[in-house]
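Visitor: There's a structure below that I have some questions on.
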Amino acid sequence: MSEQETPTGAGAAATGPSFTVEKLYVKDVSFEAPGTPQVFNEAGQPQLQMNLNQRVQRLNENAFEVVLGVTLTCTIAEKTAYLAEVQQAGVFGLAGFDDASLDAMLGTHCPNALYPYARQVVSDLITAGGFPPFVLQPINFEALYAEGLRQRAAQVQPGSGLADADTIGTA
(Lines give C-alpha, C1' and ligand atoms only; values in the text may rest on other atoms or scores of the structure.)
Protein backbone atom coordinates (compact mmCIF):
# COMPACT_ATOMS: atom_id res chain seq x y z
CA MET A 1 0.00 0.00 0.00
CA SER A 2 1.39 3.38 -0.90
CA GLU A 3 0.65 6.64 0.82
CA GLN A 4 -0.31 9.65 -1.20
CA GLU A 5 0.54 13.03 0.14
CA THR A 6 -1.49 16.10 -0.61
CA PRO A 7 0.81 18.64 -2.23
CA THR A 8 1.50 21.65 -0.06
CA GLY A 9 -0.67 24.53 -1.10
CA ALA A 10 -3.40 22.41 -2.73
CA GLY A 11 -5.94 23.76 -0.26
CA ALA A 12 -4.73 27.27 -0.95
CA ALA A 13 -5.33 26.80 -4.68
CA ALA A 14 -8.97 25.95 -4.00
CA THR A 15 -9.42 29.22 -2.11
CA GLY A 16 -7.41 31.33 -4.59
CA PRO A 17 -8.83 33.67 -7.20
CA SER A 18 -11.78 32.39 -9.21
CA PHE A 19 -13.38 33.61 -12.42
CA THR A 20 -16.74 32.31 -13.61
CA VAL A 21 -19.11 33.23 -16.40
CA GLU A 22 -22.55 33.18 -14.80
CA LYS A 23 -24.69 34.45 -17.70
CA LEU A 24 -24.22 35.91 -21.20
CA TYR A 25 -27.02 37.87 -22.88
CA VAL A 26 -27.88 40.61 -25.34
CA LYS A 27 -28.91 43.64 -23.31
CA ASP A 28 -29.84 45.93 -26.20
CA VAL A 29 -29.75 45.74 -29.98
CA SER A 30 -30.63 48.23 -32.71
CA PHE A 31 -30.35 48.30 -36.48
CA GLU A 32 -31.25 51.24 -38.69
CA ALA A 33 -31.02 51.55 -42.46
CA PRO A 34 -32.44 55.03 -43.02
CA GLY A 35 -31.66 55.34 -46.73
CA THR A 36 -33.08 52.06 -47.96
CA PRO A 37 -33.88 51.07 -50.63
CA GLN A 38 -32.09 53.93 -52.45
CA VAL A 39 -28.78 53.27 -50.64
CA PHE A 40 -28.55 49.85 -52.32
CA ASN A 41 -27.97 51.66 -55.64
CA GLU A 42 -25.38 54.15 -54.33
CA ALA A 43 -22.00 54.04 -56.00
CA GLY A 44 -18.92 54.52 -53.92
CA GLN A 45 -16.75 52.87 -51.36
CA PRO A 46 -18.49 52.19 -48.03
CA GLN A 47 -16.87 53.94 -45.07
CA LEU A 48 -17.11 52.11 -41.74
CA GLN A 49 -16.70 53.58 -38.29
CA MET A 50 -16.70 51.40 -35.21
CA ASN A 51 -17.01 52.57 -31.62
CA LEU A 52 -16.49 50.37 -28.57
CA ASN A 53 -17.44 51.09 -25.00
CA GLN A 54 -17.60 49.13 -21.81
CA ARG A 55 -19.56 49.53 -18.59
CA VAL A 56 -19.03 47.62 -15.38
CA GLN A 57 -21.56 47.44 -12.61
CA ARG A 58 -20.96 45.70 -9.31
CA LEU A 59 -23.96 43.52 -8.47
CA ASN A 60 -22.65 42.23 -5.15
CA GLU A 61 -19.29 41.52 -3.53
CA ASN A 62 -18.23 38.93 -6.12
CA ALA A 63 -20.57 39.51 -9.08
CA PHE A 64 -20.22 42.07 -11.84
CA GLU A 65 -22.27 42.90 -14.90
CA VAL A 66 -20.03 43.87 -17.79
CA VAL A 67 -21.64 45.42 -20.88
CA LEU A 68 -19.64 45.64 -24.10
CA GLY A 69 -21.14 48.16 -26.53
CA VAL A 70 -20.34 47.93 -30.23
CA THR A 71 -21.62 50.57 -32.67
CA LEU A 72 -20.91 50.19 -36.36
CA THR A 73 -21.84 52.98 -38.78
CA CYS A 74 -21.57 52.50 -42.55
CA THR A 75 -21.79 55.48 -44.88
CA ILE A 76 -21.78 55.53 -48.68
CA ALA A 77 -21.40 58.83 -50.51
CA GLU A 78 -21.83 60.65 -47.17
CA LYS A 79 -25.21 59.00 -46.58
CA THR A 80 -25.78 56.59 -43.73
CA ALA A 81 -26.29 53.13 -45.18
CA TYR A 82 -26.78 51.47 -41.79
CA LEU A 83 -26.17 51.79 -38.10
CA ALA A 84 -25.85 48.64 -35.99
CA GLU A 85 -25.65 48.88 -32.20
CA VAL A 86 -25.25 45.93 -29.85
CA GLN A 87 -24.83 45.85 -26.10
CA GLN A 88 -23.61 42.36 -25.25
CA ALA A 89 -23.62 41.73 -21.51
CA GLY A 90 -22.56 39.14 -19.03
CA VAL A 91 -22.61 38.47 -15.34
CA PHE A 92 -19.20 37.36 -14.11
CA GLY A 93 -18.18 35.95 -10.76
CA LEU A 94 -14.79 37.20 -9.61
CA ALA A 95 -13.53 36.32 -6.16
CA GLY A 96 -10.15 36.40 -4.46
CA PHE A 97 -8.52 39.03 -6.69
CA ASP A 98 -6.60 42.02 -5.41
CA ASP A 99 -7.85 45.39 -6.71
CA ALA A 100 -5.37 45.64 -9.61
CA SER A 101 -6.00 42.07 -10.76
CA LEU A 102 -9.77 42.52 -10.45
CA ASP A 103 -9.58 45.67 -12.56
CA ALA A 104 -7.51 43.83 -15.19
CA MET A 105 -9.96 40.90 -15.28
CA LEU A 106 -12.90 43.25 -15.76
CA GLY A 107 -11.05 45.21 -18.43
CA THR A 108 -9.63 42.29 -20.45
CA HIS A 109 -11.04 38.83 -19.72
CA CYS A 110 -14.69 39.87 -19.51
CA PRO A 111 -14.77 41.79 -22.82
CA ASN A 112 -12.78 38.96 -24.44
CA ALA A 113 -15.59 36.60 -23.40
CA LEU A 114 -18.31 38.97 -24.68
CA TYR A 115 -16.81 40.10 -27.99
CA PRO A 116 -17.41 36.95 -30.08
CA TYR A 117 -21.11 37.10 -29.21
CA ALA A 118 -21.37 40.82 -30.01
CA ARG A 119 -19.50 40.24 -33.25
CA GLN A 120 -21.97 37.54 -34.31
CA VAL A 121 -25.02 39.68 -33.50
CA VAL A 122 -23.60 42.62 -35.50
CA SER A 123 -22.87 40.34 -38.45
CA ASP A 124 -26.38 38.85 -38.35
CA LEU A 125 -27.98 42.31 -38.18
CA ILE A 126 -26.06 43.60 -41.20
CA THR A 127 -26.87 40.53 -43.28
CA ALA A 128 -30.55 40.61 -42.26
CA GLY A 129 -30.60 44.29 -43.29
CA GLY A 130 -29.79 43.29 -46.87
CA PHE A 131 -26.15 44.36 -46.85
CA PRO A 132 -23.09 42.26 -47.70
CA PRO A 133 -21.75 40.22 -44.79
CA PHE A 134 -19.29 42.05 -42.57
CA VAL A 135 -17.08 40.37 -39.99
CA LEU A 136 -15.59 42.51 -37.24
CA GLN A 137 -11.89 41.85 -36.82
CA PRO A 138 -10.46 40.57 -33.52
CA ILE A 139 -9.71 43.20 -30.90
CA ASN A 140 -6.77 43.25 -28.50
CA PHE A 141 -8.53 44.14 -25.25
CA GLU A 142 -5.23 43.88 -23.35
CA ALA A 143 -3.80 46.75 -25.43
CA LEU A 144 -7.00 48.80 -24.99
CA TYR A 145 -6.90 48.17 -21.24
CA ALA A 146 -3.22 49.22 -21.07
CA GLU A 147 -4.07 52.45 -22.89
CA GLY A 148 -6.95 53.03 -20.47
CA LEU A 149 -4.55 52.57 -17.54
CA ARG A 150 -2.19 55.16 -19.03
CA GLN A 151 -5.08 57.61 -19.43
CA ARG A 152 -6.31 56.99 -15.85
CA ALA A 153 -2.77 57.44 -14.50
CA ALA A 154 -2.54 60.78 -16.30
CA GLN A 155 -5.74 61.91 -14.59
CA VAL A 156 -4.65 60.53 -11.18
CA GLN A 157 -8.09 59.94 -9.73
CA PRO A 158 -8.15 57.54 -6.79
CA GLY A 159 -10.88 54.92 -6.96
CA SER A 160 -11.21 55.14 -10.74
CA GLY A 161 -10.96 51.37 -11.21
CA LEU A 162 -13.60 49.43 -13.10
CA ALA A 163 -14.68 47.55 -9.97
CA ASP A 164 -15.44 50.70 -7.97
CA ALA A 165 -19.02 50.92 -9.20
CA ASP A 166 -21.91 51.01 -6.74
CA THR A 167 -23.54 47.76 -5.69
CA ILE A 168 -27.06 47.33 -7.04
CA GLY A 169 -29.43 44.38 -6.91
CA THR A 170 -28.32 40.82 -6.44
CA ALA A 171 -27.07 38.19 -8.83
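In the C-alpha coordinates, chains take the letters A, B, ... in the order shown, each chain's residues start at 1, and ligands count up from 1 in the order shown.
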Can you tell me, as a ChimeraX atom specification, which residues in range 1-160 of chain A count as alpha helix (DSSP H) by DSSP?

Guide: /A:10-14,99-104,110-128,141-155

Visitor: I'd like to know which residues of range 76-110 of chain A are strand (DSSP E) (by DSSP, run on the backbone); could you write them as a ChimeraX atom specification?

Guide: /A:76,79-95

Visitor: Write the residues you've just listed into a file as a PDB file, in the first residue's frame, and include N, CA and C atoms for each of them.

Guide:
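Wrote it out as result_24.pdb, contents follow:
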```pdb
ATOM      1  N   ILE A  76     -22.135  55.596 -47.267  1.00  0.00           N
ATOM      2  CA  ILE A  76     -21.777  55.525 -48.684  1.00  0.00           C
ATOM      3  C   ILE A  76     -22.147  56.874 -49.284  1.00  0.00           C
ATOM      4  N   LYS A  79     -23.874  59.337 -47.063  1.00  0.00           N
ATOM      5  CA  LYS A  79     -25.215  58.999 -46.580  1.00  0.00           C
ATOM      6  C   LYS A  79     -25.100  57.755 -45.709  1.00  0.00           C
ATOM      7  N   THR A  80     -25.830  57.747 -44.610  1.00  0.00           N
ATOM      8  CA  THR A  80     -25.783  56.588 -43.726  1.00  0.00           C
ATOM      9  C   THR A  80     -26.483  55.411 -44.383  1.00  0.00           C
ATOM     10  N   ALA A  81     -25.724  54.351 -44.617  1.00  0.00           N
ATOM     11  CA  ALA A  81     -26.295  53.129 -45.184  1.00  0.00           C
ATOM     12  C   ALA A  81     -26.953  52.326 -44.065  1.00  0.00           C
ATOM     13  N   TYR A  82     -26.207  52.155 -42.949  1.00  0.00           N
ATOM     14  CA  TYR A  82     -26.777  51.469 -41.794  1.00  0.00           C
ATOM     15  C   TYR A  82     -26.030  51.835 -40.522  1.00  0.00           C
ATOM     16  N   LEU A  83     -26.705  51.583 -39.442  1.00  0.00           N
ATOM     17  CA  LEU A  83     -26.166  51.790 -38.103  1.00  0.00           C
ATOM     18  C   LEU A  83     -26.571  50.576 -37.280  1.00  0.00           C
ATOM     19  N   ALA A  84     -25.596  49.827 -36.821  1.00  0.00           N
ATOM     20  CA  ALA A  84     -25.854  48.640 -35.995  1.00  0.00           C
ATOM     21  C   ALA A  84     -25.271  48.881 -34.611  1.00  0.00           C
ATOM     22  N   GLU A  85     -26.095  48.692 -33.590  1.00  0.00           N
ATOM     23  CA  GLU A  85     -25.655  48.877 -32.204  1.00  0.00           C
ATOM     24  C   GLU A  85     -26.016  47.628 -31.408  1.00  0.00           C
ATOM     25  N   VAL A  86     -25.039  47.113 -30.681  1.00  0.00           N
ATOM     26  CA  VAL A  86     -25.249  45.931 -29.850  1.00  0.00           C
ATOM     27  C   VAL A  86     -24.623  46.188 -28.490  1.00  0.00           C
ATOM     28  N   GLN A  87     -25.372  45.855 -27.449  1.00  0.00           N
ATOM     29  CA  GLN A  87     -24.827  45.846 -26.099  1.00  0.00           C
ATOM     30  C   GLN A  87     -24.879  44.405 -25.624  1.00  0.00           C
ATOM     31  N   GLN A  88     -23.735  43.745 -25.683  1.00  0.00           N
ATOM     32  CA  GLN A  88     -23.612  42.356 -25.246  1.00  0.00           C
ATOM     33  C   GLN A  88     -23.177  42.386 -23.781  1.00  0.00           C
ATOM     34  N   ALA A  89     -23.885  41.655 -22.952  1.00  0.00           N
ATOM     35  CA  ALA A  89     -23.615  41.732 -21.514  1.00  0.00           C
ATOM     36  C   ALA A  89     -23.356  40.342 -20.934  1.00  0.00           C
ATOM     37  N   GLY A  90     -22.799  40.374 -19.764  1.00  0.00           N
ATOM     38  CA  GLY A  90     -22.562  39.138 -19.034  1.00  0.00           C
ATOM     39  C   GLY A  90     -22.463  39.418 -17.556  1.00  0.00           C
ATOM     40  N   VAL A  91     -22.820  38.414 -16.778  1.00  0.00           N
ATOM     41  CA  VAL A  91     -22.612  38.473 -15.336  1.00  0.00           C
ATOM     42  C   VAL A  91     -21.445  37.543 -15.043  1.00  0.00           C
ATOM     43  N   PHE A  92     -20.430  38.091 -14.389  1.00  0.00           N
ATOM     44  CA  PHE A  92     -19.205  37.360 -14.107  1.00  0.00           C
ATOM     45  C   PHE A  92     -18.971  37.291 -12.614  1.00  0.00           C
ATOM     46  N   GLY A  93     -18.565  36.128 -12.153  1.00  0.00           N
ATOM     47  CA  GLY A  93     -18.180  35.951 -10.760  1.00  0.00           C
ATOM     48  C   GLY A  93     -16.669  36.080 -10.647  1.00  0.00           C
ATOM     49  N   LEU A  94     -16.224  37.003  -9.834  1.00  0.00           N
ATOM     50  CA  LEU A  94     -14.793  37.202  -9.612  1.00  0.00           C
ATOM     51  C   LEU A  94     -14.558  37.282  -8.111  1.00  0.00           C
ATOM     52  N   ALA A  95     -13.793  36.349  -7.596  1.00  0.00           N
ATOM     53  CA  ALA A  95     -13.530  36.316  -6.157  1.00  0.00           C
ATOM     54  C   ALA A  95     -12.043  36.055  -5.921  1.00  0.00           C
TER      55      ALA A  95
END
```

Visitor: In Å, with one decimal, what is the gap from CA of Phe141 in chain A to CA of Leu68 in chain A?

Guide: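 Those two atoms sit 11.3 Å apart.
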
Visitor: Mind giving me the straight-line distance from CA of Thr75 in chain A to CA of Phe31 in chain A in Å, one decimal?

Guide: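 Computed distance, CA of Thr75 in chain A to CA of Phe31 in chain A, equals 14.0 Å.
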
Visitor: Considering only C-alpha atoms, can you say which of A:Gln38, A:Thr71, A:Asn140, A:Gln120 comes closest to Leu52 in chain A?

Guide: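 Smallest distance to Leu52 in chain A is found for A:Thr71.
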
Visitor: Enter the distance from CA of Leu24 in chain A to CA of Leu114 in chain A, in Å, rounded to one decimal.

Guide: 7.5 Å

Visitor: In terms of the shortest atom-to-atom distance over only C-alpha atoms, which of A:Thr15, A:Asn60, A:Gln54, A:Ser30 is closest to Thr73 in chain A?

Guide: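 Among A:Thr15, A:Asn60, A:Gln54, A:Ser30, it is A:Ser30 that comes nearest to Thr73 in chain A.
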
Visitor: In terms of the shortest atom-to-atom distance over only C-alpha atoms, which of A:Val67, A:Val135, A:Val29, A:Ala118 is closest to Leu106 in chain A?

Guide: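 Closest to Leu106 in chain A of all the choices is A:Val67.
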
Visitor: When you count only C-alpha atoms, which of these residues is closest to Tyr25 in chain A: A:Ala154, A:Val121, A:Leu136, A:Leu149?

Guide: A:Val121

Visitor: Give the answer as one residue: which of A:Ala146, A:Val122, A:Ala128, A:Val21 has the shortest atom-to-atom distance to Phe64 in chain A, using only C-alpha atoms?

Guide: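 Checking each of A:Ala146, A:Val122, A:Ala128, A:Val21 against Phe64 in chain A, counting only C-alpha atoms, the winner is A:Val21.
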